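See below for final.pdb, which holds PDB, C-alpha atoms, pLDDT in the B column.
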MODEL        1
ATOM      1  CA  MET A 973     104.679 102.002  62.537  1.00 72.00           C
ATOM      2  CA  LYS A 974     105.206  99.337  65.195  1.00 82.00           C
ATOM      3  CA  PRO A 975     106.270 100.832  68.554  1.00 93.00           C
ATOM      4  CA  ASP A 976     109.623 100.008  70.124  1.00 94.00           C
ATOM      5  CA  PHE A 977     108.682  98.403  73.435  1.00 97.00           C
ATOM      6  CA  ARG A 978     112.291  98.223  74.613  1.00 95.00           C
ATOM      7  CA  ILE A 979     112.358 101.848  75.806  1.00 96.00           C
ATOM      8  CA  ARG A 980     109.871 104.166  77.497  1.00 97.00           C
ATOM      9  CA  SER A 981     108.145 106.729  75.308  1.00 97.00           C
ATOM     10  CA  TYR A 982     108.182 110.351  76.417  1.00 96.00           C
ATOM     11  CA  GLU A 983     105.549 111.489  73.950  1.00 97.00           C
ATOM     12  CA  PRO A 984     103.132 113.615  76.006  1.00 96.00           C
ATOM     13  CA  GLU A 985      99.619 112.324  76.489  1.00 97.00           C
ATOM     14  CA  LEU A 986      96.668 114.552  75.633  1.00 96.00           C
ATOM     15  CA  LEU A 987      95.869 114.705  79.352  1.00 95.00           C
ATOM     16  CA  ASP A 988      99.220 116.406  79.967  1.00 95.00           C
ATOM     17  CA  ARG A 989      98.866 118.950  77.181  1.00 94.00           C
ATOM     18  CA  PRO A 990      97.459 122.457  77.681  1.00 92.00           C
ATOM     19  CA  GLY A 991      94.191 123.599  76.168  1.00 92.00           C
ATOM     20  CA  ILE A 992      92.130 120.418  76.549  1.00 95.00           C
ATOM     21  CA  PRO A 993      88.525 121.332  77.545  1.00 96.00           C
ATOM     22  CA  PHE A 994      87.695 120.063  81.020  1.00 95.00           C
ATOM     23  CA  ALA A 995      84.476 118.427  79.744  1.00 96.00           C
ATOM     24  CA  ASP A 996      86.694 116.121  77.687  1.00 96.00           C
ATOM     25  CA  ILE A 997      88.926 115.439  80.704  1.00 96.00           C
ATOM     26  CA  ALA A 998      85.822 114.571  82.771  1.00 95.00           C
ATOM     27  CA  ASP A 999      84.697 112.098  80.067  1.00 96.00           C
ATOM     28  CA  ASN A1000      88.198 110.625  80.187  1.00 95.00           C
ATOM     29  CA  MET A1001      88.054 110.198  83.980  1.00 94.00           C
ATOM     30  CA  ARG A1002      84.630 108.541  83.857  1.00 94.00           C
ATOM     31  CA  GLU A1003      85.818 105.995  81.296  1.00 94.00           C
ATOM     32  CA  LEU A1004      89.016 105.316  83.256  1.00 90.00           C
ATOM     33  CA  ASP A1005      86.886 104.476  86.295  1.00 93.00           C
ATOM     34  CA  VAL A1006      85.023 101.907  84.195  1.00 92.00           C
ATOM     35  CA  ILE A1007      88.303 100.482  82.879  1.00 90.00           C
ATOM     36  CA  ASN A1008      89.758 100.310  86.399  1.00 92.00           C
ATOM     37  CA  THR A1009      86.650  98.539  87.639  1.00 91.00           C
ATOM     38  CA  ARG A1010      86.350  95.995  84.828  1.00 89.00           C
ATOM     39  CA  LEU A1011      90.049  95.251  84.326  1.00 90.00           C
ATOM     40  CA  GLY A1012      90.896  95.020  88.016  1.00 93.00           C
ATOM     41  CA  GLY A1013      92.706  98.310  88.624  1.00 95.00           C
ATOM     42  CA  HIS A1014      90.737  99.099  91.776  1.00 96.00           C
ATOM     43  CA  ARG A1015      91.321  95.552  93.024  1.00 97.00           C
ATOM     44  CA  ILE A1016      95.083  96.156  92.816  1.00 98.00           C
ATOM     45  CA  THR A1017      94.738  99.404  94.760  1.00 98.00           C
ATOM     46  CA  LEU A1018      92.853  97.534  97.483  1.00 98.00           C
ATOM     47  CA  LYS A1019      95.662  94.964  97.634  1.00 98.00           C
ATOM     48  CA  GLY A1020      98.118  97.769  98.354  1.00 98.00           C
ATOM     49  CA  VAL A1021      95.875  99.236 101.042  1.00 98.00           C
ATOM     50  CA  GLN A1022      95.389  95.887 102.767  1.00 98.00           C
ATOM     51  CA  ALA A1023      99.110  95.095 102.706  1.00 97.00           C
ATOM     52  CA  LEU A1024     100.068  98.342 104.461  1.00 97.00           C
ATOM     53  CA  LEU A1025      97.131  98.423 106.866  1.00 97.00           C
ATOM     54  CA  ARG A1026      98.713  95.418 108.577  1.00 95.00           C
ATOM     55  CA  TYR A1027     101.294  97.779 110.075  1.00 92.00           C
ATOM     56  CA  GLN A1028      98.756 100.142 111.657  1.00 91.00           C
ATOM     57  CA  VAL A1029      98.656 100.695 115.385  1.00 87.00           C
ATOM     58  CA  PRO A1030      95.456  99.066 116.710  1.00 89.00           C
ATOM     59  CA  GLY A1031      92.773 101.530 117.774  1.00 90.00           C
ATOM     60  CA  THR A1032      93.905 104.321 115.441  1.00 94.00           C
ATOM     61  CA  VAL A1033      92.084 105.658 112.375  1.00 97.00           C
ATOM     62  CA  PRO A1034      94.386 105.186 109.373  1.00 97.00           C
ATOM     63  CA  HIS A1035      94.905 108.162 107.076  1.00 98.00           C
ATOM     64  CA  ILE A1036      95.268 107.178 103.411  1.00 98.00           C
ATOM     65  CA  ALA A1037      96.148 109.818 100.807  1.00 98.00           C
ATOM     66  CA  GLU A1038      96.365 109.579  97.019  1.00 98.00           C
ATOM     67  CA  ILE A1039      98.450 111.913  94.855  1.00 98.00           C
ATOM     68  CA  GLY A1040      97.123 112.546  91.357  1.00 98.00           C
ATOM     69  CA  CYS A1041      93.626 111.607  92.514  1.00 98.00           C
ATOM     70  CA  GLY A1042      91.673 113.010  89.545  1.00 96.00           C
ATOM     71  CA  GLY A1043      87.973 112.494  90.217  1.00 96.00           C
ATOM     72  CA  GLY A1044      88.521 110.428  93.368  1.00 97.00           C
ATOM     73  CA  ASP A1045      87.548 107.047  91.898  1.00 97.00           C
ATOM     74  CA  ASN A1046      90.268 105.091  93.708  1.00 97.00           C
ATOM     75  CA  LEU A1047      89.415 106.655  97.058  1.00 98.00           C
ATOM     76  CA  ARG A1048      85.753 105.874  96.499  1.00 97.00           C
ATOM     77  CA  ALA A1049      86.626 102.219  95.851  1.00 96.00           C
ATOM     78  CA  ILE A1050      88.668 102.140  99.081  1.00 98.00           C
ATOM     79  CA  ARG A1051      85.806 103.607 101.071  1.00 97.00           C
ATOM     80  CA  ARG A1052      83.296 101.101  99.663  1.00 96.00           C
ATOM     81  CA  TRP A1053      85.666  98.291 100.655  1.00 97.00           C
ATOM     82  CA  ALA A1054      86.163  99.736 104.158  1.00 97.00           C
ATOM     83  CA  ASP A1055      82.441 100.396 104.716  1.00 97.00           C
ATOM     84  CA  ALA A1056      81.623  96.798 103.821  1.00 97.00           C
ATOM     85  CA  ARG A1057      84.000  95.688 106.597  1.00 96.00           C
ATOM     86  CA  GLY A1058      83.082  98.293 109.189  1.00 96.00           C
ATOM     87  CA  LEU A1059      86.512  99.945 108.992  1.00 96.00           C
ATOM     88  CA  GLU A1060      86.945 103.641 109.723  1.00 97.00           C
ATOM     89  CA  LEU A1061      89.409 105.412 107.426  1.00 98.00           C
ATOM     90  CA  ARG A1062      90.417 109.002 106.815  1.00 98.00           C
ATOM     91  CA  LEU A1063      90.780 109.558 103.065  1.00 98.00           C
ATOM     92  CA  THR A1064      92.457 112.461 101.241  1.00 98.00           C
ATOM     93  CA  GLY A1065      92.871 113.100  97.516  1.00 98.00           C
ATOM     94  CA  VAL A1066      95.505 115.477  96.131  1.00 98.00           C
ATOM     95  CA  ASP A1067      95.572 116.889  92.590  1.00 98.00           C
ATOM     96  CA  TYR A1068      97.190 120.003  91.152  1.00 96.00           C
ATOM     97  CA  ASN A1069      94.319 120.633  88.692  1.00 96.00           C
ATOM     98  CA  PRO A1070      91.646 122.831  90.347  1.00 96.00           C
ATOM     99  CA  GLU A1071      88.998 121.634  87.870  1.00 95.00           C
ATOM    100  CA  CYS A1072      89.652 118.008  88.834  1.00 96.00           C
ATOM    101  CA  ILE A1073      89.338 118.898  92.512  1.00 97.00           C
ATOM    102  CA  ALA A1074      86.079 120.803  91.905  1.00 97.00           C
ATOM    103  CA  TYR A1075      84.760 117.834  89.914  1.00 96.00           C
ATOM    104  CA  ALA A1076      85.737 115.377  92.665  1.00 97.00           C
ATOM    105  CA  GLU A1077      84.193 117.516  95.397  1.00 97.00           C
ATOM    106  CA  GLY A1078      80.978 117.801  93.390  1.00 95.00           C
ATOM    107  CA  ARG A1079      80.435 114.064  93.062  1.00 93.00           C
ATOM    108  CA  ALA A1080      77.862 112.861  95.594  1.00 88.00           C
ATOM    109  CA  GLY A1081      79.703 109.572  96.060  1.00 90.00           C
ATOM    110  CA  ASN A1082      82.789 111.436  97.303  1.00 96.00           C
ATOM    111  CA  SER A1083      81.157 113.033 100.333  1.00 93.00           C
ATOM    112  CA  GLY A1084      83.346 112.588 103.404  1.00 94.00           C
ATOM    113  CA  ILE A1085      86.562 112.387 101.356  1.00 98.00           C
ATOM    114  CA  ALA A1086      88.864 115.414 101.726  1.00 98.00           C
ATOM    115  CA  PHE A1087      90.313 116.891  98.542  1.00 98.00           C
ATOM    116  CA  VAL A1088      93.324 119.194  98.335  1.00 97.00           C
ATOM    117  CA  CYS A1089      94.316 121.256  95.295  1.00 98.00           C
ATOM    118  CA  SER A1090      98.110 121.304  95.291  1.00 97.00           C
ATOM    119  CA  ASP A1091     101.202 120.041  93.559  1.00 97.00           C
ATOM    120  CA  TYR A1092     102.084 117.125  95.836  1.00 96.00           C
ATOM    121  CA  ARG A1093     105.611 118.510  96.280  1.00 95.00           C
ATOM    122  CA  ASN A1094     104.230 121.642  97.929  1.00 95.00           C
ATOM    123  CA  LEU A1095     102.170 119.820 100.552  1.00 93.00           C
ATOM    124  CA  ARG A1096     102.893 120.536 104.192  1.00 84.00           C
ATOM    125  CA  TRP A1097     101.157 117.882 106.268  1.00 89.00           C
ATOM    126  CA  SER A1098     100.295 118.799 109.841  1.00 85.00           C
ATOM    127  CA  ASP A1099     100.230 115.044 110.400  1.00 89.00           C
ATOM    128  CA  LYS A1100     101.749 112.679 107.835  1.00 94.00           C
ATOM    129  CA  PRO A1101      99.401 110.154 106.187  1.00 97.00           C
ATOM    130  CA  ASP A1102      99.879 106.569 107.269  1.00 97.00           C
ATOM    131  CA  ILE A1103      99.681 105.374 103.657  1.00 98.00           C
ATOM    132  CA  LEU A1104     100.414 107.263 100.448  1.00 98.00           C
ATOM    133  CA  PHE A1105      99.656 105.879  97.013  1.00 98.00           C
ATOM    134  CA  SER A1106      99.218 106.688  93.355  1.00 98.00           C
ATOM    135  CA  SER A1107      97.421 104.878  90.553  1.00 98.00           C
ATOM    136  CA  LEU A1108      98.201 105.375  86.846  1.00 97.00           C
ATOM    137  CA  PHE A1109     100.196 108.448  87.845  1.00 98.00           C
ATOM    138  CA  CYS A1110     103.868 107.477  87.644  1.00 98.00           C
ATOM    139  CA  HIS A1111     103.996 106.945  83.887  1.00 98.00           C
ATOM    140  CA  HIS A1112     103.243 110.650  83.342  1.00 98.00           C
ATOM    141  CA  PHE A1113     106.728 111.542  84.657  1.00 98.00           C
ATOM    142  CA  THR A1114     110.319 111.260  83.510  1.00 97.00           C
ATOM    143  CA  ASP A1115     112.675 108.912  85.336  1.00 97.00           C
ATOM    144  CA  GLY A1116     114.353 111.886  87.023  1.00 97.00           C
ATOM    145  CA  GLN A1117     111.017 113.231  88.264  1.00 98.00           C
ATOM    146  CA  LEU A1118     110.093 109.774  89.530  1.00 98.00           C
ATOM    147  CA  LEU A1119     113.248 109.512  91.629  1.00 98.00           C
ATOM    148  CA  GLU A1120     112.191 112.699  93.402  1.00 98.00           C
ATOM    149  CA  GLN A1121     108.634 111.391  93.761  1.00 98.00           C
ATOM    150  CA  LEU A1122     109.711 108.062  95.259  1.00 98.00           C
ATOM    151  CA  ARG A1123     111.925 109.779  97.836  1.00 98.00           C
ATOM    152  CA  TRP A1124     109.085 112.162  98.717  1.00 97.00           C
ATOM    153  CA  MET A1125     106.559 109.347  99.189  1.00 97.00           C
ATOM    154  CA  GLY A1126     108.902 107.474 101.483  1.00 96.00           C
ATOM    155  CA  ALA A1127     109.601 110.568 103.577  1.00 96.00           C
ATOM    156  CA  GLN A1128     105.980 111.719 103.754  1.00 96.00           C
ATOM    157  CA  SER A1129     104.291 108.440 104.762  1.00 97.00           C
ATOM    158  CA  ARG A1130     104.277 106.746 108.153  1.00 95.00           C
ATOM    159  CA  SER A1131     103.644 103.108 107.277  1.00 96.00           C
ATOM    160  CA  GLY A1132     104.708 103.288 103.649  1.00 97.00           C
ATOM    161  CA  PHE A1133     103.439 103.771 100.132  1.00 98.00           C
ATOM    162  CA  PHE A1134     102.396 101.835  97.066  1.00 98.00           C
ATOM    163  CA  LEU A1135     102.186 102.440  93.329  1.00 98.00           C
ATOM    164  CA  ASN A1136      99.677 100.921  90.927  1.00 98.00           C
ATOM    165  CA  ASP A1137     100.834 101.409  87.353  1.00 98.00           C
ATOM    166  CA  LEU A1138     101.107  99.850  83.920  1.00 98.00           C
ATOM    167  CA  HIS A1139     103.408  97.206  82.469  1.00 98.00           C
ATOM    168  CA  ARG A1140     104.912  98.102  79.076  1.00 98.00           C
ATOM    169  CA  HIS A1141     104.235  95.014  76.992  1.00 98.00           C
ATOM    170  CA  PRO A1142     103.180  94.428  73.356  1.00 97.00           C
ATOM    171  CA  LEU A1143     100.093  92.453  74.339  1.00 97.00           C
ATOM    172  CA  ALA A1144      98.984  95.218  76.702  1.00 97.00           C
ATOM    173  CA  TRP A1145      99.387  97.812  73.936  1.00 97.00           C
ATOM    174  CA  TYR A1146      97.566  95.832  71.238  1.00 97.00           C
ATOM    175  CA  SER A1147      94.774  94.828  73.638  1.00 96.00           C
ATOM    176  CA  ILE A1148      93.981  98.287  75.011  1.00 96.00           C
ATOM    177  CA  ARG A1149      94.266  99.790  71.528  1.00 96.00           C
ATOM    178  CA  LEU A1150      91.636  97.365  70.230  1.00 97.00           C
ATOM    179  CA  LEU A1151      89.345  97.642  73.268  1.00 95.00           C
ATOM    180  CA  THR A1152      89.301 101.435  73.266  1.00 96.00           C
ATOM    181  CA  ARG A1153      88.705 101.591  69.514  1.00 95.00           C
ATOM    182  CA  LEU A1154      85.725  99.271  69.896  1.00 95.00           C
ATOM    183  CA  PHE A1155      84.147 100.576  73.100  1.00 94.00           C
ATOM    184  CA  SER A1156      85.460 104.017  74.056  1.00 96.00           C
ATOM    185  CA  LYS A1157      83.516 107.193  73.293  1.00 95.00           C
ATOM    186  CA  SER A1158      86.341 109.433  74.527  1.00 97.00           C
ATOM    187  CA  TYR A1159      88.921 110.577  71.972  1.00 97.00           C
ATOM    188  CA  MET A1160      91.298 111.120  74.904  1.00 97.00           C
ATOM    189  CA  VAL A1161      91.008 107.537  76.091  1.00 97.00           C
ATOM    190  CA  LYS A1162      91.508 106.226  72.546  1.00 97.00           C
ATOM    191  CA  ALA A1163      94.684 108.286  72.174  1.00 97.00           C
ATOM    192  CA  ASP A1164      96.108 108.139  75.703  1.00 97.00           C
ATOM    193  CA  ALA A1165      95.411 104.547  76.777  1.00 97.00           C
ATOM    194  CA  PRO A1166      97.814 102.937  74.253  1.00 97.00           C
ATOM    195  CA  LEU A1167     100.340 105.754  74.765  1.00 98.00           C
ATOM    196  CA  SER A1168     100.192 105.191  78.528  1.00 98.00           C
ATOM    197  CA  VAL A1169     101.390 101.630  77.941  1.00 98.00           C
ATOM    198  CA  LEU A1170     104.326 102.922  75.890  1.00 98.00           C
ATOM    199  CA  ARG A1171     105.218 105.334  78.717  1.00 98.00           C
ATOM    200  CA  ALA A1172     104.982 102.560  81.318  1.00 98.00           C
ATOM    201  CA  PHE A1173     107.555 100.318  82.991  1.00 98.00           C
ATOM    202  CA  ARG A1174     109.200  96.934  83.025  1.00 98.00           C
ATOM    203  CA  ARG A1175     110.287  95.214  86.228  1.00 98.00           C
ATOM    204  CA  ALA A1176     113.982  95.980  85.720  1.00 98.00           C
ATOM    205  CA  GLU A1177     113.152  99.660  85.274  1.00 98.00           C
ATOM    206  CA  TRP A1178     111.275  99.736  88.573  1.00 98.00           C
ATOM    207  CA  ALA A1179     114.234  98.046  90.240  1.00 98.00           C
ATOM    208  CA  GLY A1180     116.569 100.727  88.885  1.00 98.00           C
ATOM    209  CA  LEU A1181     114.287 103.591  89.909  1.00 98.00           C
ATOM    210  CA  LEU A1182     113.839 102.291  93.433  1.00 98.00           C
ATOM    211  CA  ARG A1183     117.560 101.673  93.801  1.00 98.00           C
ATOM    212  CA  GLY A1184     118.248 105.201  92.538  1.00 98.00           C
ATOM    213  CA  ALA A1185     115.835 106.566  95.151  1.00 98.00           C
ATOM    214  CA  GLY A1186     117.691 104.693  97.903  1.00 97.00           C
ATOM    215  CA  ILE A1187     114.865 102.199  98.460  1.00 97.00           C
ATOM    216  CA  THR A1188     116.134  98.656  98.927  1.00 94.00           C
ATOM    217  CA  ARG A1189     113.203  96.979 100.690  1.00 92.00           C
ATOM    218  CA  TYR A1190     110.204  96.720  98.423  1.00 97.00           C
ATOM    219  CA  ARG A1191     107.942  94.267  96.647  1.00 98.00           C
ATOM    220  CA  CYS A1192     107.178  94.623  92.944  1.00 98.00           C
ATOM    221  CA  SER A1193     104.511  92.147  91.839  1.00 98.00           C
ATOM    222  CA  TRP A1194     102.872  91.686  88.456  1.00 98.00           C
ATOM    223  CA  GLN A1195      99.098  91.988  88.486  1.00 98.00           C
ATOM    224  CA  TRP A1196      96.376  91.298  85.959  1.00 95.00           C
ATOM    225  CA  ALA A1197      95.812  93.009  83.586  1.00 93.00           C
ATOM    226  CA  PHE A1198      99.357  94.168  82.830  1.00 97.00           C
ATOM    227  CA  ARG A1199      99.949  96.187  85.969  1.00 98.00           C
ATOM    228  CA  TRP A1200     102.669  96.453  88.589  1.00 98.00           C
ATOM    229  CA  LEU A1201     101.979  96.823  92.282  1.00 98.00           C
ATOM    230  CA  VAL A1202     105.060  98.351  93.915  1.00 98.00           C
ATOM    231  CA  LEU A1203     104.826  98.178  97.695  1.00 98.00           C
ATOM    232  CA  VAL A1204     107.245  99.942 100.064  1.00 98.00           C
ATOM    233  CA  HIS A1205     106.974  99.541 103.824  1.00 95.00           C
ATOM    234  CA  ASN A1206     108.812 102.095 105.949  1.00 90.00           C
ATOM    235  CA  HIS A1207     110.524  99.653 108.318  1.00 68.00           C
ATOM    236  CA  GLU A1208     112.259 102.323 110.349  1.00 49.00           C
ATOM    237  CA  GLN A1209     109.302 104.152 111.864  1.00 42.00           C
TER     238      GLN A1209
ENDMDL
END

Written as structure tokens, that's how I'd like the structure from this file.
Amino acid sequence: MKPDFRIRSYEPELLDRPGIPFADIADNMRELDVINTRLGGHRITLKGVQALLRYQVPGTVPHIAEIGCGGGDNLRAIRRWADARGLELRLTGVDYNPECIAYAEGRAGNSGIAFVCSDYRNLRWSDKPDILFSSLFCHHFTDGQLLEQLRWMGAQSRSGFFLNDLHRHPLAWYSIRLLTRLFSKSYMVKADAPLSVLRAFRRAEWAGLLRGAGITRYRCSWQWAFRWLVLVHNHEQ
């Protein structure tokens, strides 16, 4: 049956269901890293980082933290970008799944990145991060949960925060459905990637969510391939 793209789906993804073996989740994370690399997801994350780094105080070491970090792939991409430019950054990944944190800490490429096992809402920063962000995280939540999350990110970041997430669009759904059927070896990716698109957002929905969270100054820009980059700078800091 053809999906109804006019409204967000709340059908739970396999990733959000209990009882999935972690070996399957790890396969899912490895394939998502490949997808993010080849379809430009990491490039969008770097755009968000660069936009907010402009507001940093010269001579300080920026602290960038990701909620819902999974295996740390986004943070690794940020560090590669920073190392190539001689930039010193402090990087932290937060995830509530202890197996994801253990997996991230065990990856040799993640050495030097701090990982914290916690529900982001329970974090008590001794020093707030300069930049908070999430990537492919927001669509896992209801609108009500997202309002809480947006308020939290604004309150818990010094310079601001950004979100890198999917655009709900028929072409995005048909494309990722075909690509994962042809190339994916992960049953989770084959099931969840198209469903993620159905759980994703349109521009007007982002506008409503941000307005509901009391955020009036933001930039929501469409990015290839079928992503939104939502950028919020904390002007009053």

List the neighbours of segment 1133-1145 of chain A out to 7 Å using all atoms listed in the file; skip same-chain residues closer than 2 positions along the sequence, and give me the result as a PDB file with C-alpha atoms, in the frame of the given file.
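Result file is selection03.pdb:
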ATOM      1  CA  PHE A 977     108.682  98.403  73.435  1.00 97.00           C
ATOM      2  CA  ILE A1016      95.083  96.156  92.816  1.00 98.00           C
ATOM      3  CA  THR A1017      94.738  99.404  94.760  1.00 98.00           C
ATOM      4  CA  GLY A1020      98.118  97.769  98.354  1.00 98.00           C
ATOM      5  CA  ILE A1103      99.681 105.374 103.657  1.00 98.00           C
ATOM      6  CA  LEU A1104     100.414 107.263 100.448  1.00 98.00           C
ATOM      7  CA  PHE A1105      99.656 105.879  97.013  1.00 98.00           C
ATOM      8  CA  SER A1106      99.218 106.688  93.355  1.00 98.00           C
ATOM      9  CA  SER A1107      97.421 104.878  90.553  1.00 98.00           C
ATOM     10  CA  LEU A1108      98.201 105.375  86.846  1.00 97.00           C
ATOM     11  CA  CYS A1110     103.868 107.477  87.644  1.00 98.00           C
ATOM     12  CA  MET A1125     106.559 109.347  99.189  1.00 97.00           C
ATOM     13  CA  GLY A1126     108.902 107.474 101.483  1.00 96.00           C
ATOM     14  CA  SER A1129     104.291 108.440 104.762  1.00 97.00           C
ATOM     15  CA  SER A1147      94.774  94.828  73.638  1.00 96.00           C
ATOM     16  CA  ILE A1148      93.981  98.287  75.011  1.00 96.00           C
ATOM     17  CA  ARG A1149      94.266  99.790  71.528  1.00 96.00           C
ATOM     18  CA  PRO A1166      97.814 102.937  74.253  1.00 97.00           C
ATOM     19  CA  VAL A1169     101.390 101.630  77.941  1.00 98.00           C
ATOM     20  CA  LEU A1170     104.326 102.922  75.890  1.00 98.00           C
ATOM     21  CA  ALA A1172     104.982 102.560  81.318  1.00 98.00           C
ATOM     22  CA  PHE A1173     107.555 100.318  82.991  1.00 98.00           C
ATOM     23  CA  ARG A1174     109.200  96.934  83.025  1.00 98.00           C
ATOM     24  CA  PHE A1198      99.357  94.168  82.830  1.00 97.00           C
ATOM     25  CA  ARG A1199      99.949  96.187  85.969  1.00 98.00           C
ATOM     26  CA  TRP A1200     102.669  96.453  88.589  1.00 98.00           C
ATOM     27  CA  LEU A1201     101.979  96.823  92.282  1.00 98.00           C
ATOM     28  CA  VAL A1202     105.060  98.351  93.915  1.00 98.00           C
ATOM     29  CA  LEU A1203     104.826  98.178  97.695  1.00 98.00           C
ATOM     30  CA  VAL A1204     107.245  99.942 100.064  1.00 98.00           C
ATOM     31  CA  HIS A1205     106.974  99.541 103.824  1.00 95.00           C
TER      32      HIS A1205
END

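Interatomic distance, atom CA of Asn1206 of chain A to atom CA of Val1029 of chain A: 13.9 Å.
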
Which polymer residues, whether protein, DNA or RNA, lie within 10 Å of the coordinate (93.9, 124.2, 90.2) when you count only C-alpha atoms? List them as a list in words, using the chain letters and numbers from the file.
Asp1067, Tyr1068, Asn1069, Pro1070, Glu1071, Cys1072, Ile1073, Ala1074, Val1088, Cys1089, Ser1090 and Asp1091 of chain A

Quick one: which residues end up in the PyMOL selection byres ((chain A and resi 1118) around 12) for this structure, as JSON, numbers by chain?
{"A": [1093, 1106, 1109, 1110, 1111, 1112, 1113, 1114, 1115, 1116, 1117, 1119, 1120, 1121, 1122, 1123, 1124, 1125, 1135, 1173, 1177, 1178, 1180, 1181, 1182, 1183, 1184, 1185]}

Box for segment 1131-1150 of chain A: with edges along x, y and z, all listed atoms inside and 3 Å added on each side, what are the centre and edge lengths in Å to one decimal, as JSON?
{"center_x": 98.3, "center_y": 98.1, "center_z": 88.8, "size_x": 19.3, "size_y": 17.3, "size_z": 43.0}

Which is closer to Arg1051 of chain A than all the others in A:Pro1030, A:Gly1078, A:Gly1084, A:Gly1132, using all atoms listed in the file?
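That would be A:Gly1084, the residue with the smallest distance to Arg1051 of chain A.
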
As a check of understanding: the span from atom CA of Gly1031 of chain A to atom CA of Leu1047 of chain A is 21.6 Å

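Candidate residues A:Arg1096, A:Arg1062, A:Arg1079, A:Lys1162 were compared for distance to Glu1003 of chain A, and the nearest is A:Lys1162, using all atoms listed in the file.
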
Nearest-residue call for Arg1130 of chain A, choices A:Gly1013, A:Pro1034, A:Gly1081, A:Pro975, using all atoms listed in the file
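Counting all atoms listed in the file, the residue closest to Arg1130 of chain A is A:Pro1034.
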
Taking all atoms listed in the file into account, name the residue in A:Pro984, A:Asp996, A:Leu1151, A:Ser1131 that is nearest to Gln1028 of chain A.
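Residue with the minimum atom-to-atom distance to Gln1028 of chain A: A:Ser1131.
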
Exactly which residues make up the result of the PyMOL selection byres ((chain A and resi 999) around 12) on this file, given as number ranges by chain?
A: 987, 992-998, 1000-1006, 1042-1043, 1072, 1075, 1156-1162

Nearest to Ala1080 of chain A, chosen from A:Ile1050, A:Arg1191, A:Asp1045, A:Trp1196, with only C-alpha atoms counted in the distances
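Among A:Ile1050, A:Arg1191, A:Asp1045, A:Trp1196, it is A:Asp1045 that comes nearest to Ala1080 of chain A.
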
Would you compute the distance between atom CA of Leu1011 of chain A and atom CA of Ser1168 of chain A? Give it in Å to one decimal.
15.3 Å

Non-local contacts of Glu1077 of chain A (9 Å; all atoms listed in the file; under 6 positions in same chain excluded) as a list in words:
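Returned residues: Gly1043, Gly1044, Ser1083, Ile1085, Ala1086 and Phe1087 of chain A.
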
Which of these residues is nearest to Ala1165 of chain A, using all atoms listed in the file: A:Gly991, A:Ile1007, A:Thr1032, A:Arg1052?
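For Ala1165 of chain A, the nearest of the candidates is A:Ile1007.
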
Rebuild segment 1184-1193 of chain A so that it carries N, CA, C and O atoms, then output the result as a PDB file, in the frame of the given file.
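Done, and the output landed in result04.pdb:
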ATOM      1  N   GLY A1184     117.795 103.823  92.673  1.00 98.00           N
ATOM      2  CA  GLY A1184     118.248 105.201  92.538  1.00 98.00           C
ATOM      3  C   GLY A1184     117.679 106.113  93.608  1.00 98.00           C
ATOM      4  O   GLY A1184     118.303 107.107  93.981  1.00 98.00           O
ATOM      5  N   ALA A1185     116.472 105.776  94.095  1.00 98.00           N
ATOM      6  CA  ALA A1185     115.835 106.566  95.151  1.00 98.00           C
ATOM      7  C   ALA A1185     116.288 106.139  96.540  1.00 98.00           C
ATOM      8  O   ALA A1185     115.816 106.698  97.542  1.00 98.00           O
ATOM      9  N   GLY A1186     117.186 105.159  96.612  1.00 97.00           N
ATOM     10  CA  GLY A1186     117.691 104.693  97.903  1.00 97.00           C
ATOM     11  C   GLY A1186     116.755 103.736  98.610  1.00 97.00           C
ATOM     12  O   GLY A1186     116.872 103.527  99.822  1.00 97.00           O
ATOM     13  N   ILE A1187     115.825 103.134  97.870  1.00 97.00           N
ATOM     14  CA  ILE A1187     114.865 102.199  98.460  1.00 97.00           C
ATOM     15  C   ILE A1187     115.303 100.780  98.127  1.00 97.00           C
ATOM     16  O   ILE A1187     115.374 100.389  96.950  1.00 97.00           O
ATOM     17  N   THR A1188     115.631 100.013  99.143  1.00 94.00           N
ATOM     18  CA  THR A1188     116.134  98.656  98.927  1.00 94.00           C
ATOM     19  C   THR A1188     115.142  97.576  99.356  1.00 94.00           C
ATOM     20  O   THR A1188     115.242  96.442  98.917  1.00 94.00           O
ATOM     21  N   ARG A1189     114.208  97.949 100.225  1.00 92.00           N
ATOM     22  CA  ARG A1189     113.203  96.979 100.690  1.00 92.00           C
ATOM     23  C   ARG A1189     111.865  97.316 100.046  1.00 92.00           C
ATOM     24  O   ARG A1189     111.229  98.313 100.394  1.00 92.00           O
ATOM     25  N   TYR A1190     111.465  96.487  99.128  1.00 97.00           N
ATOM     26  CA  TYR A1190     110.204  96.720  98.423  1.00 97.00           C
ATOM     27  C   TYR A1190     109.724  95.399  97.827  1.00 97.00           C
ATOM     28  O   TYR A1190     110.470  94.413  97.765  1.00 97.00           O
ATOM     29  N   ARG A1191     108.492  95.405  97.372  1.00 98.00           N
ATOM     30  CA  ARG A1191     107.942  94.267  96.647  1.00 98.00           C
ATOM     31  C   ARG A1191     107.310  94.783  95.373  1.00 98.00           C
ATOM     32  O   ARG A1191     106.472  95.681  95.409  1.00 98.00           O
ATOM     33  N   CYS A1192     107.729  94.243  94.247  1.00 98.00           N
ATOM     34  CA  CYS A1192     107.178  94.623  92.944  1.00 98.00           C
ATOM     35  C   CYS A1192     106.539  93.377  92.346  1.00 98.00           C
ATOM     36  O   CYS A1192     107.229  92.442  91.946  1.00 98.00           O
ATOM     37  N   SER A1193     105.217  93.349  92.298  1.00 98.00           N
ATOM     38  CA  SER A1193     104.511  92.147  91.839  1.00 98.00           C
ATOM     39  C   SER A1193     103.651  92.454  90.621  1.00 98.00           C
ATOM     40  O   SER A1193     102.996  93.502  90.548  1.00 98.00           O
TER      41      SER A1193
END
